[in-house]
>>> print(open('work_37.cif').read())   # mmCIF, C-alpha atoms
data_input
#
loop_
_atom_site.label_atom_id
_atom_site.label_comp_id
_atom_site.auth_asym_id
_atom_site.auth_seq_id
_atom_site.Cartn_x
_atom_site.Cartn_y
_atom_site.Cartn_z
CA MET A 1 83.22 87.68 143.89
CA PRO A 2 86.04 86.26 141.69
CA TYR A 3 88.40 88.73 140.07
CA THR A 4 87.29 87.49 136.64
CA ASP A 5 83.93 89.21 137.19
CA ASN A 6 85.73 92.54 136.81
CA ILE A 7 87.24 91.72 133.43
CA ARG A 8 85.60 93.48 130.51
CA LYS A 9 84.20 90.87 128.14
CA VAL A 10 83.77 91.68 124.47
CA THR A 11 83.61 89.75 121.22
CA PRO A 12 86.65 91.08 119.33
CA TYR A 13 86.91 92.15 115.73
CA VAL A 14 88.21 89.34 113.52
CA PRO A 15 90.70 90.61 110.92
CA GLY A 16 91.50 88.90 107.66
CA GLU A 17 93.80 85.90 107.99
CA GLN A 18 97.52 86.66 107.88
CA PRO A 19 98.84 83.45 106.28
CA LYS A 20 102.12 82.01 107.49
CA VAL A 21 102.72 80.47 104.06
CA THR A 22 105.85 81.67 102.29
CA GLY A 23 106.80 81.54 98.66
CA ASP A 24 104.10 81.26 95.99
CA LEU A 25 101.33 83.09 97.84
CA ILE A 26 98.69 85.48 96.52
CA LYS A 27 97.11 87.45 99.36
CA LEU A 28 93.81 89.01 98.31
CA ASN A 29 91.96 88.95 101.63
CA THR A 30 92.80 92.18 103.48
CA ASN A 31 92.46 94.93 100.83
CA GLU A 32 96.15 95.82 100.85
CA ASN A 33 97.62 97.76 97.94
CA PRO A 34 99.71 95.49 95.67
CA TYR A 35 102.10 98.32 94.82
CA PRO A 36 104.77 99.92 97.03
CA PRO A 37 104.45 103.41 98.51
CA SER A 38 105.74 106.46 96.65
CA PRO A 39 109.51 106.45 95.93
CA LYS A 40 109.61 109.69 97.90
CA VAL A 41 109.03 107.63 101.02
CA LYS A 42 112.42 105.97 100.55
CA GLN A 43 114.01 109.39 100.34
CA ALA A 44 112.25 110.37 103.58
CA ILE A 45 113.62 107.24 105.26
CA GLU A 46 117.16 108.12 104.27
CA ALA A 47 116.74 111.76 105.30
CA LEU A 48 115.37 111.03 108.79
CA PRO A 49 118.17 111.41 111.37
CA VAL A 50 118.59 108.41 113.65
CA GLU A 51 118.89 110.69 116.67
CA THR A 52 115.27 111.66 116.10
CA MET A 53 114.29 108.31 117.62
CA ARG A 54 115.34 109.34 121.13
CA LEU A 55 112.83 112.23 121.16
CA TYR A 56 109.09 112.08 121.62
CA PRO A 57 107.18 112.76 118.39
CA ASP A 58 104.96 115.78 117.79
CA VAL A 59 101.78 115.02 119.75
CA THR A 60 99.54 116.51 117.06
CA ALA A 61 101.57 115.08 114.15
CA ALA A 62 101.62 118.69 112.95
CA PRO A 63 103.79 118.20 109.84
CA LEU A 64 101.43 115.53 108.53
CA ALA A 65 98.28 117.38 109.62
CA LYS A 66 99.60 120.48 107.84
CA ALA A 67 100.36 118.51 104.65
CA LEU A 68 96.94 116.88 104.66
CA ALA A 69 95.19 120.20 105.29
CA ALA A 70 96.97 121.78 102.32
CA TYR A 71 96.19 118.75 100.16
CA HIS A 72 92.46 118.91 100.94
CA GLY A 73 92.13 122.69 101.09
CA LEU A 74 91.43 122.80 104.82
CA LYS A 75 92.89 124.48 107.88
CA GLU A 76 95.38 122.50 109.93
CA GLU A 77 92.96 122.71 112.86
CA GLN A 78 90.46 120.68 110.84
CA VAL A 79 92.68 117.58 110.64
CA PHE A 80 93.19 114.87 113.26
CA VAL A 81 95.86 112.20 112.66
CA GLY A 82 95.95 108.75 114.25
CA VAL A 83 97.51 105.30 114.03
CA GLY A 84 95.45 103.98 111.15
CA SER A 85 91.79 104.79 110.61
CA ASP A 86 90.87 102.16 113.21
CA ASP A 87 92.54 104.31 115.87
CA VAL A 88 90.86 107.41 114.46
CA LEU A 89 87.42 105.79 114.32
CA ALA A 90 87.76 104.30 117.80
CA THR A 91 88.62 107.77 119.13
CA CYS A 92 85.62 109.17 117.26
CA PHE A 93 83.30 106.62 118.89
CA LEU A 94 84.72 107.39 122.31
CA THR A 95 84.50 111.16 121.77
CA PHE A 96 81.24 111.73 119.94
CA PHE A 97 78.93 108.95 121.09
CA ALA A 98 78.60 109.62 124.81
CA GLY A 99 74.81 110.00 124.83
CA LYS A 100 72.01 107.57 125.67
CA LYS A 101 70.34 107.43 122.26
CA PRO A 102 71.43 104.63 119.91
CA VAL A 103 74.09 105.19 117.26
CA LEU A 104 72.93 103.97 113.86
CA PHE A 105 74.87 102.09 111.17
CA PRO A 106 74.08 99.36 108.60
CA ASP A 107 73.78 95.71 109.50
CA ILE A 108 76.30 94.81 106.79
CA THR A 109 79.27 97.15 107.01
CA TYR A 110 82.74 97.38 108.57
CA SER A 111 82.46 94.91 111.44
CA PHE A 112 84.58 96.96 113.84
CA TYR A 113 81.72 99.44 114.42
CA ASP A 114 79.67 97.18 116.69
CA VAL A 115 82.85 96.04 118.48
CA TRP A 116 83.70 99.63 119.48
CA ALA A 117 80.10 100.25 120.48
CA GLU A 118 80.14 97.19 122.74
CA LEU A 119 83.59 98.02 124.14
CA TYR A 120 82.70 101.60 125.02
CA ARG A 121 79.16 100.73 126.20
CA ILE A 122 77.58 102.81 123.45
CA PRO A 123 73.94 102.00 122.64
CA TYR A 124 73.52 101.20 118.95
CA GLU A 125 71.16 99.79 116.36
CA THR A 126 72.02 98.23 113.01
CA LEU A 127 69.67 98.96 110.13
CA PRO A 128 69.28 96.37 107.36
CA LEU A 129 70.54 97.03 103.87
CA THR A 130 68.11 96.45 101.01
CA GLU A 131 68.04 93.13 99.18
CA ASP A 132 70.59 94.52 96.71
CA PHE A 133 72.83 95.70 99.60
CA ARG A 134 71.98 99.40 99.40
CA ILE A 135 71.68 101.81 102.33
CA ARG A 136 68.29 103.52 102.66
CA ALA A 137 68.56 107.19 103.61
CA ASP A 138 65.05 107.14 105.10
CA ASP A 139 66.19 104.62 107.73
CA TYR A 140 68.43 107.30 109.22
CA LYS A 141 65.73 109.97 109.54
CA ARG A 142 64.91 109.08 113.12
CA GLU A 143 66.03 109.93 116.62
CA ASN A 144 69.59 108.78 117.23
CA GLY A 145 72.82 109.40 119.11
CA GLY A 146 74.98 109.47 115.99
CA ILE A 147 75.36 107.89 112.55
CA VAL A 148 78.22 106.00 110.88
CA ILE A 149 78.22 105.39 107.12
CA ALA A 150 81.09 103.71 105.28
CA ASN A 151 81.15 105.15 101.77
CA PRO A 152 82.02 103.11 99.75
CA ASN A 153 80.63 100.48 102.05
CA ALA A 154 82.58 97.41 103.07
CA PRO A 155 82.42 94.55 102.36
CA THR A 156 79.82 95.30 99.65
CA SER A 157 82.02 97.82 97.73
CA ILE A 158 78.96 99.95 96.84
CA ALA A 159 79.28 103.75 96.95
CA GLN A 160 76.55 106.31 97.58
CA PRO A 161 76.48 109.67 95.73
CA LEU A 162 77.04 112.97 97.50
CA PRO A 163 73.32 113.98 97.57
CA PHE A 164 72.62 110.79 99.54
CA ILE A 165 75.11 111.79 102.26
CA GLU A 166 73.73 115.33 102.33
CA GLU A 167 70.20 114.00 102.72
CA ILE A 168 71.26 112.19 105.90
CA LEU A 169 73.12 115.26 107.19
CA THR A 170 70.14 117.53 106.53
CA GLU A 171 67.90 115.31 108.65
CA ASN A 172 70.39 114.96 111.53
CA HIS A 173 71.64 118.40 112.55
CA ASP A 174 71.70 117.33 116.22
CA SER A 175 73.86 114.23 115.66
CA ILE A 176 77.45 113.61 114.66
CA VAL A 177 77.53 111.91 111.26
CA ILE A 178 80.74 109.99 110.53
CA VAL A 179 81.47 109.13 106.90
CA ASP A 180 84.18 106.49 106.71
CA GLU A 181 85.95 107.04 103.37
CA ALA A 182 88.56 104.29 103.61
CA TYR A 183 87.99 103.33 99.95
CA VAL A 184 86.87 106.62 98.43
CA ASP A 185 90.00 107.08 96.31
CA PHE A 186 89.06 104.09 94.13
CA GLY A 187 85.91 105.64 92.68
CA GLY A 188 83.67 106.98 95.44
CA GLU A 189 82.45 110.56 95.82
CA THR A 190 83.92 112.32 98.83
CA ALA A 191 81.84 114.28 101.33
CA LEU A 192 84.58 116.92 101.64
CA PRO A 193 82.52 119.63 99.88
CA LEU A 194 79.94 119.33 102.69
CA LEU A 195 82.35 120.19 105.52
CA LYS A 196 81.79 123.94 105.14
CA LYS A 197 78.03 123.53 105.37
CA TYR A 198 77.65 120.90 108.09
CA LYS A 199 79.47 121.35 111.41
CA ASN A 200 78.36 117.87 112.56
CA LEU A 201 80.17 116.01 109.75
CA VAL A 202 83.31 113.94 110.40
CA ILE A 203 85.16 112.30 107.50
CA THR A 204 87.73 109.58 108.16
CA ARG A 205 90.40 108.31 105.77
CA THR A 206 93.27 105.83 105.78
CA PHE A 207 96.69 105.52 104.14
CA SER A 208 96.44 101.72 104.28
CA LYS A 209 94.67 101.19 100.98
CA SER A 210 95.27 103.84 98.34
CA ARG A 211 98.66 104.97 99.70
CA SER A 212 100.15 101.48 100.31
CA PHE A 213 100.79 102.10 104.01
CA ALA A 214 98.92 99.26 105.73
CA GLY A 215 102.11 98.37 107.60
CA MET A 216 102.84 101.92 108.71
CA ARG A 217 99.40 102.66 110.25
CA ILE A 218 98.29 106.18 109.31
CA GLY A 219 94.72 107.42 109.41
CA TYR A 220 93.08 110.80 109.77
CA ALA A 221 89.81 112.63 110.30
CA MET A 222 88.57 115.92 108.85
CA ALA A 223 85.92 118.02 110.54
CA ASP A 224 85.07 121.39 112.02
CA GLU A 225 87.76 122.75 114.36
CA THR A 226 85.58 122.26 117.45
CA LEU A 227 85.21 118.54 116.70
CA ILE A 228 88.91 118.10 116.02
CA GLU A 229 89.67 119.83 119.32
CA ALA A 230 87.33 117.39 121.08
CA LEU A 231 89.10 114.45 119.43
CA ASN A 232 92.49 115.74 120.55
CA ASN A 233 91.24 116.26 124.10
CA VAL A 234 90.20 112.60 124.29
CA LYS A 235 93.39 111.41 122.57
CA PHE A 236 95.60 113.38 124.99
CA SER A 237 93.68 111.84 127.88
CA ILE A 238 94.60 108.33 126.71
CA ASN A 239 97.99 108.49 124.99
CA SER A 240 99.49 111.69 123.62
CA TYR A 241 102.31 110.12 121.58
CA THR A 242 100.41 107.82 119.25
CA MET A 243 101.95 108.75 115.88
CA ASN A 244 105.67 107.99 115.72
CA CYS A 245 108.15 110.29 114.01
CA THR A 246 108.86 107.90 111.13
CA ALA A 247 105.18 107.56 110.24
CA ILE A 248 104.79 111.35 110.25
CA ALA A 249 107.76 111.81 107.89
CA TYR A 250 106.69 108.99 105.56
CA GLY A 251 103.13 110.24 105.49
CA VAL A 252 104.21 113.72 104.42
CA ALA A 253 106.35 112.22 101.65
CA SER A 254 103.40 110.19 100.37
CA VAL A 255 101.06 113.20 100.29
CA ASP A 256 103.70 115.15 98.36
CA ASP A 257 103.74 112.67 95.46
CA GLU A 258 100.38 113.15 93.74
CA PRO A 259 101.46 111.83 90.30
CA TYR A 260 102.53 108.47 91.76
CA PHE A 261 99.31 108.30 93.81
CA LYS A 262 97.09 108.86 90.76
CA LYS A 263 99.07 106.41 88.64
CA THR A 264 98.74 103.63 91.21
CA ILE A 265 95.02 104.22 91.72
CA ALA A 266 94.43 104.14 87.97
CA LYS A 267 96.21 100.78 87.69
CA ILE A 268 94.10 99.24 90.46
CA VAL A 269 90.84 100.55 89.00
CA ALA A 270 91.73 99.21 85.54
CA THR A 271 92.61 95.80 86.98
CA ARG A 272 89.40 95.81 89.02
CA GLU A 273 87.22 96.34 85.96
CA LYS A 274 89.09 93.72 83.94
CA THR A 275 88.81 91.20 86.77
CA ALA A 276 85.10 91.87 87.28
CA GLU A 277 84.46 91.14 83.61
CA ALA A 278 86.49 87.91 83.78
CA LEU A 279 84.57 86.80 86.87
CA ARG A 280 81.23 87.47 85.18
CA GLU A 281 82.31 85.28 82.27
CA LEU A 282 82.88 82.48 84.80
CA GLY A 283 79.36 82.79 86.19
CA PHE A 284 79.95 85.20 89.06
CA THR A 285 77.83 88.18 89.99
CA CYS A 286 79.90 91.17 91.14
CA LEU A 287 78.35 94.09 92.98
CA PRO A 288 79.24 97.49 91.46
CA SER A 289 82.57 98.32 93.07
CA SER A 290 84.00 101.73 93.94
CA ALA A 291 86.67 100.16 96.14
CA ASN A 292 89.90 98.19 95.68
CA PHE A 293 88.03 94.90 95.97
CA LEU A 294 85.13 93.00 94.44
CA PHE A 295 82.23 91.38 96.27
CA ALA A 296 81.32 88.35 94.18
CA SER A 297 78.99 85.37 94.28
CA HIS A 298 78.88 82.38 91.91
CA LYS A 299 75.55 81.26 90.46
CA ASN A 300 76.13 77.54 91.19
CA VAL A 301 79.10 76.93 93.50
CA PRO A 302 78.95 77.97 97.19
CA ALA A 303 81.37 80.70 98.24
CA GLU A 304 82.84 78.64 101.08
CA GLU A 305 83.71 75.84 98.68
CA ILE A 306 85.49 78.26 96.35
CA PHE A 307 87.24 79.90 99.30
CA THR A 308 88.52 76.54 100.56
CA TYR A 309 89.78 75.54 97.13
CA LEU A 310 91.60 78.83 96.53
CA LYS A 311 93.23 78.58 99.94
CA SER A 312 94.53 75.14 99.03
CA ARG A 313 96.14 76.81 96.02
CA ASN A 314 97.76 79.50 98.22
CA ILE A 315 95.31 82.17 97.07
CA TYR A 316 93.67 83.91 100.01
CA VAL A 317 90.37 85.79 99.61
CA ARG A 318 87.90 86.81 102.33
CA PHE A 319 84.87 84.72 103.24
CA PHE A 320 82.33 85.99 105.77
CA LYS A 321 80.29 83.27 107.43
CA LYS A 322 77.50 85.67 108.27
CA PRO A 323 73.80 85.84 107.38
CA ARG A 324 72.99 87.33 103.95
CA ILE A 325 76.62 87.49 102.79
CA ASP A 326 77.78 83.90 103.37
CA ASN A 327 77.62 83.14 99.66
CA TYR A 328 79.91 86.03 98.69
CA LEU A 329 83.67 86.37 98.48
CA ARG A 330 85.50 89.64 98.96
CA ILE A 331 88.42 89.69 96.55
CA THR A 332 91.12 92.33 96.90
CA ILE A 333 92.50 93.68 93.63
CA GLY A 334 96.15 92.70 93.22
CA THR A 335 98.47 93.12 90.27
CA ASP A 336 97.40 92.04 86.79
CA ALA A 337 99.54 88.91 87.10
CA GLN A 338 97.97 87.98 90.45
CA MET A 339 94.44 88.45 89.18
CA GLU A 340 95.18 86.47 86.02
CA ARG A 341 96.34 83.55 88.14
CA LEU A 342 93.21 83.85 90.29
CA ILE A 343 91.00 83.69 87.20
CA ALA A 344 92.97 80.73 85.80
CA GLU A 345 92.60 78.81 89.06
CA LEU A 346 88.88 79.59 89.23
CA ARG A 347 88.36 78.56 85.62
CA GLY A 348 90.09 75.22 86.18
CA PHE A 349 88.14 74.57 89.39
CA LEU A 350 84.74 75.51 87.98
CA GLU A 351 85.26 73.31 84.93
CA THR A 352 85.20 70.33 87.29
CA LYS A 353 81.75 71.26 88.59
#
>>> encode(input="work_37.cif", output="structure tokens")
Amino acid sequence: MPYTDNIRKVTPYVPGEQPKVTGDLIKLNTNENPYPPSPKVKQAIEALPVETMRLYPDVTAAPLAKALAAYHGLKEEQVFVGVGSDDVLATCFLTFFAGKKPVLFPDITYSFYDVWAELYRIPYETLPLTEDFRIRADDYKRENGGIVIANPNAPTSIAQPLPFIEEILTENHDSIVIVDEAYVDFGGETALPLLKKYKNLVITRTFSKSRSFAGMRIGYAMADETLIEALNNVKFSINSYTMNCTAIAYGVASVDDEPYFKKTIAKIVATREKTAEALRELGFTCLPSSANFLFASHKNVPAEEIFTYLKSRNIYVRFFKKPRIDNYLRITIGTDAQMERLIAELRGFLETK
């Protein structure tokens, strides 16, 4: 038997393109925040002693977990911190989905879910969204080994109200229900009020989007203490020192600056609504967005053609060559100036059609 037979074979997650172009580039394809982190982060950088780097970081990222717990009105033991929400979610899959029944999640959602399921040999089933890209609660009222719901969903940008999430929780007391709230700060309704009532609920968040920390990699989960303990037990069995000391310090500084956080979110939401209206005037249909991006389709011109043209103009948006969504573009919300140039380029291109 050749040694290659022992190599684990998976189809990897494909991230948004990281263009090598320099200069006049508008990058609207990976849902990054167009604004810098809180100014308090710079102060934290300057205050962090260099000699700290020779020491191992706190294995539980306690300063950041404590800050997040206070921010959300939880106990420190209810917070798990990881290297971006991808690390947190991967640990959740590995920890909570060890049974033989299939884990359920939508067919159109964050495309890392099925990758983790395949990697960790977790049985799973994807359930189709409706024709208008909505999740049906009734689809999740069946035997399962766990449930994962992104709310707001990605790449569709559609958010479900709190009663919808509670309906799923009520019908699944024997399963872990993960609610991925990567985009909730931009207009979604958080499931946090349900944590006291449902011990099987896990909520995951990221600093990458709303807190402008995509490059720093900070994510976290909130749940009952017993579930957080289980997450830590798995984490410590793989790699105890995942969160470095700089990320912990910068994360605390970001959480401590609520006024800046709210101001930045408000700017992105305002730009999102203005851009959606401009796109509609150009003949696009935009799904109702509660995220920092728009999911848009033009009535006449194929999405791939628009994607290719914009790329030639050094404007990068996301195109998914997948069934049901291959005529949509996911457009990250940038600054007003960036979105105005996007609209101008689209207007000029569509006038030639």
>>> atom_distance(input="work_37.cif", atom1="CA of Pro49 (chain A)", atom2="CA of Val79 (chain A)")
26.2 Å
>>> residues_near_point(input="work_37.cif", point="(91.7, 104.2, 93.8)", cutoff="8 Å", atoms="all atoms listed in the file", output="ChimeraX atom specification")
/A:183-187,210,262,264-266,268-269,291-292
>>> resolve_selection(input="work_37.cif", expression="the PyMOL selection byres ((chain A and resi 237-249) around 7)", output="PDB file with C-alpha atoms, in the frame of the given file")
ATOM      1  CA  ALA A  44     112.250 110.370 103.580  1.00  0.00           C
ATOM      2  CA  PRO A  57     107.180 112.760 118.390  1.00  0.00           C
ATOM      3  CA  VAL A  59     101.780 115.020 119.750  1.00  0.00           C
ATOM      4  CA  ALA A  61     101.570 115.080 114.150  1.00  0.00           C
ATOM      5  CA  PRO A  63     103.790 118.200 109.840  1.00  0.00           C
ATOM      6  CA  LEU A  64     101.430 115.530 108.530  1.00  0.00           C
ATOM      7  CA  GLY A  82      95.950 108.750 114.250  1.00  0.00           C
ATOM      8  CA  VAL A  83      97.510 105.300 114.030  1.00  0.00           C
ATOM      9  CA  MET A 216     102.840 101.920 108.710  1.00  0.00           C
ATOM     10  CA  ASN A 233      91.240 116.260 124.100  1.00  0.00           C
ATOM     11  CA  VAL A 234      90.200 112.600 124.290  1.00  0.00           C
ATOM     12  CA  LYS A 235      93.390 111.410 122.570  1.00  0.00           C
ATOM     13  CA  PHE A 236      95.600 113.380 124.990  1.00  0.00           C
ATOM     14  CA  TYR A 250     106.690 108.990 105.560  1.00  0.00           C
ATOM     15  CA  GLY A 251     103.130 110.240 105.490  1.00  0.00           C
ATOM     16  CA  VAL A 252     104.210 113.720 104.420  1.00  0.00           C
ATOM     17  CA  ALA A 253     106.350 112.220 101.650  1.00  0.00           C
TER      18      ALA A 253
END
>>> closest_residue(input="work_37.cif", among="A:Leu55, A:Val177, A:Val103, A:Val301", to="Thr352 (chain A)", atoms="all atoms listed in the file")
A:Val301
>>> residues_around(input="work_37.cif", residues="Glu304 (chain A)", least_positions_apart="2", cutoff="10 Å", atoms="all atoms listed in the file", output="ChimeraX atom specification")
/A:301-302,306-310,318-321,326-329
>>> residues_around(input="work_37.cif", residues="Thr126 (chain A)", least_positions_apart="3", cutoff="7 Å", atoms="all atoms listed in the file", output="PyMOL selection string")
chain A and resi 104-107
>>> residues_near_point(input="work_37.cif", point="(76.8, 113.3, 102.2)", cutoff="6 Å", atoms="all atoms listed in the file", output="ChimeraX atom specification")
/A:162-166,191
>>> closest_residue(input="work_37.cif", among="A:Thr332, A:Asp257, A:Ile203, A:Pro323", to="Ala67 (chain A)", atoms="all atoms listed in the file")
A:Asp257
>>> resolve_selection(input="work_37.cif", expression="the PyMOL selection byres ((chain A and resi 129) around 12)", output="ChimeraX atom specification")
/A:105-109,126-128,130-140,149,153,156,158,324-325
>>> resolve_selection(input="work_37.cif", expression="the PyMOL selection byres ((chain A and resi 231) around 12)", output="MDAnalysis selection string")
chainID A and resid 60 77:82 87:97 202 220:230 232:238 240
>>> write_last_selection(input="work_37.cif", atoms="C-alpha atoms", output="mmCIF file, in the frame of the given file")
data_model
loop_
_atom_site.group_PDB
_atom_site.id
_atom_site.type_symbol
_atom_site.label_atom_id
_atom_site.label_comp_id
_atom_site.auth_asym_id
_atom_site.auth_seq_id
_atom_site.Cartn_x
_atom_site.Cartn_y
_atom_site.Cartn_z
ATOM 1 C CA THR A 60 99.540 116.510 117.060
ATOM 2 C CA GLU A 77 92.960 122.710 112.860
ATOM 3 C CA GLN A 78 90.460 120.680 110.840
ATOM 4 C CA VAL A 79 92.680 117.580 110.640
ATOM 5 C CA PHE A 80 93.190 114.870 113.260
ATOM 6 C CA VAL A 81 95.860 112.200 112.660
ATOM 7 C CA GLY A 82 95.950 108.750 114.250
ATOM 8 C CA ASP A 87 92.540 104.310 115.870
ATOM 9 C CA VAL A 88 90.860 107.410 114.460
ATOM 10 C CA LEU A 89 87.420 105.790 114.320
ATOM 11 C CA ALA A 90 87.760 104.300 117.800
ATOM 12 C CA THR A 91 88.620 107.770 119.130
ATOM 13 C CA CYS A 92 85.620 109.170 117.260
ATOM 14 C CA PHE A 93 83.300 106.620 118.890
ATOM 15 C CA LEU A 94 84.720 107.390 122.310
ATOM 16 C CA THR A 95 84.500 111.160 121.770
ATOM 17 C CA PHE A 96 81.240 111.730 119.940
ATOM 18 C CA PHE A 97 78.930 108.950 121.090
ATOM 19 C CA VAL A 202 83.310 113.940 110.400
ATOM 20 C CA TYR A 220 93.080 110.800 109.770
ATOM 21 C CA ALA A 221 89.810 112.630 110.300
ATOM 22 C CA MET A 222 88.570 115.920 108.850
ATOM 23 C CA ALA A 223 85.920 118.020 110.540
ATOM 24 C CA ASP A 224 85.070 121.390 112.020
ATOM 25 C CA GLU A 225 87.760 122.750 114.360
ATOM 26 C CA THR A 226 85.580 122.260 117.450
ATOM 27 C CA LEU A 227 85.210 118.540 116.700
ATOM 28 C CA ILE A 228 88.910 118.100 116.020
ATOM 29 C CA GLU A 229 89.670 119.830 119.320
ATOM 30 C CA ALA A 230 87.330 117.390 121.080
ATOM 31 C CA ASN A 232 92.490 115.740 120.550
ATOM 32 C CA ASN A 233 91.240 116.260 124.100
ATOM 33 C CA VAL A 234 90.200 112.600 124.290
ATOM 34 C CA LYS A 235 93.390 111.410 122.570
ATOM 35 C CA PHE A 236 95.600 113.380 124.990
ATOM 36 C CA SER A 237 93.680 111.840 127.880
ATOM 37 C CA ILE A 238 94.600 108.330 126.710
ATOM 38 C CA SER A 240 99.490 111.690 123.620
#
>>> closest_residue(input="work_37.cif", among="A:Arg121, A:Arg280, A:Lys42, A:Lys27", to="Arg347 (chain A)", atoms="only C-alpha atoms")
A:Arg280
>>> closest_residue(input="work_37.cif", among="A:Lys311, A:Ala159, A:Ser254, A:Asp336", to="Ser290 (chain A)", atoms="only C-alpha atoms")
A:Ala159
>>> residues_around(input="work_37.cif", residues="region 12-18 of chain A", least_positions_apart="2", cutoff="12 Å", atoms="all atoms listed in the file", output="count of residues only")
37
>>> closest_residue(input="work_37.cif", among="A:Ala303, A:Ala154, A:Leu169, A:Lys353", to="Ser289 (chain A)", atoms="all atoms listed in the file")
A:Ala154
>>> closest_residue(input="work_37.cif", among="A:Asp256, A:Glu181, A:Ile333, A:Gly188", to="Lys66 (chain A)", atoms="only C-alpha atoms")
A:Asp256
>>> atom_distance(input="work_37.cif", atom1="CA of Leu48 (chain A)", atom2="CA of Gly84 (chain A)")
21.3 Å
>>> build_atoms(input="work_37.cif", residues="region 58-76 of chain A", atoms="N, CA and C atoms", output="mmCIF file, in the coordinates of the input")
data_model
loop_
_atom_site.group_PDB
_atom_site.id
_atom_site.type_symbol
_atom_site.label_atom_id
_atom_site.label_comp_id
_atom_site.auth_asym_id
_atom_site.auth_seq_id
_atom_site.Cartn_x
_atom_site.Cartn_y
_atom_site.Cartn_z
ATOM 1 N N ASP A 58 105.928 114.689 117.676
ATOM 2 C CA ASP A 58 104.960 115.780 117.790
ATOM 3 C C ASP A 58 103.599 115.183 118.167
ATOM 4 N N VAL A 59 103.014 115.635 119.260
ATOM 5 C CA VAL A 59 101.780 115.020 119.750
ATOM 6 C C VAL A 59 100.604 115.212 118.794
ATOM 7 N N THR A 60 100.617 116.280 118.011
ATOM 8 C CA THR A 60 99.540 116.510 117.060
ATOM 9 C C THR A 60 99.893 116.051 115.651
ATOM 10 N N ALA A 61 101.089 115.473 115.488
ATOM 11 C CA ALA A 61 101.570 115.080 114.150
ATOM 12 C C ALA A 61 101.449 116.260 113.208
ATOM 13 N N ALA A 62 101.837 117.443 113.683
ATOM 14 C CA ALA A 62 101.620 118.690 112.950
ATOM 15 C C ALA A 62 102.138 118.696 111.512
ATOM 16 N N PRO A 63 103.342 118.182 111.234
ATOM 17 C CA PRO A 63 103.790 118.200 109.840
ATOM 18 C C PRO A 63 102.846 117.449 108.892
ATOM 19 N N LEU A 64 102.340 116.315 109.359
ATOM 20 C CA LEU A 64 101.430 115.530 108.530
ATOM 21 C C LEU A 64 100.051 116.187 108.476
ATOM 22 N N ALA A 65 99.579 116.688 109.609
ATOM 23 C CA ALA A 65 98.280 117.380 109.620
ATOM 24 C C ALA A 65 98.319 118.593 108.688
ATOM 25 N N LYS A 66 99.437 119.305 108.702
ATOM 26 C CA LYS A 66 99.600 120.480 107.840
ATOM 27 C C LYS A 66 99.597 120.066 106.359
ATOM 28 N N ALA A 67 100.309 118.986 106.028
ATOM 29 C CA ALA A 67 100.360 118.510 104.650
ATOM 30 C C ALA A 67 98.989 118.049 104.171
ATOM 31 N N LEU A 68 98.272 117.354 105.024
ATOM 32 C CA LEU A 68 96.940 116.880 104.660
ATOM 33 C C LEU A 68 95.958 118.042 104.511
ATOM 34 N N ALA A 69 96.064 119.028 105.388
ATOM 35 C CA ALA A 69 95.190 120.200 105.290
ATOM 36 C C ALA A 69 95.409 120.925 103.970
ATOM 37 N N ALA A 70 96.665 121.116 103.594
ATOM 38 C CA ALA A 70 96.970 121.780 102.320
ATOM 39 C C ALA A 70 96.461 120.954 101.144
ATOM 40 N N TYR A 71 96.611 119.652 101.238
ATOM 41 C CA TYR A 71 96.190 118.750 100.160
ATOM 42 C C TYR A 71 94.676 118.820 99.944
ATOM 43 N N HIS A 72 93.924 118.920 101.034
ATOM 44 C CA HIS A 72 92.460 118.910 100.940
ATOM 45 C C HIS A 72 91.842 120.318 100.970
ATOM 46 N N GLY A 73 92.663 121.340 101.053
ATOM 47 C CA GLY A 73 92.130 122.690 101.090
ATOM 48 C C GLY A 73 91.451 123.047 102.392
ATOM 49 N N LEU A 74 91.995 122.551 103.499
ATOM 50 C CA LEU A 74 91.430 122.800 104.820
ATOM 51 C C LEU A 74 92.436 123.551 105.689
ATOM 52 N N LYS A 75 91.989 123.920 106.876
ATOM 53 C CA LYS A 75 92.890 124.480 107.880
ATOM 54 C C LYS A 75 93.515 123.332 108.672
ATOM 55 N N GLU A 76 94.704 123.544 109.161
ATOM 56 C CA GLU A 76 95.380 122.500 109.930
ATOM 57 C C GLU A 76 94.549 122.062 111.124
#
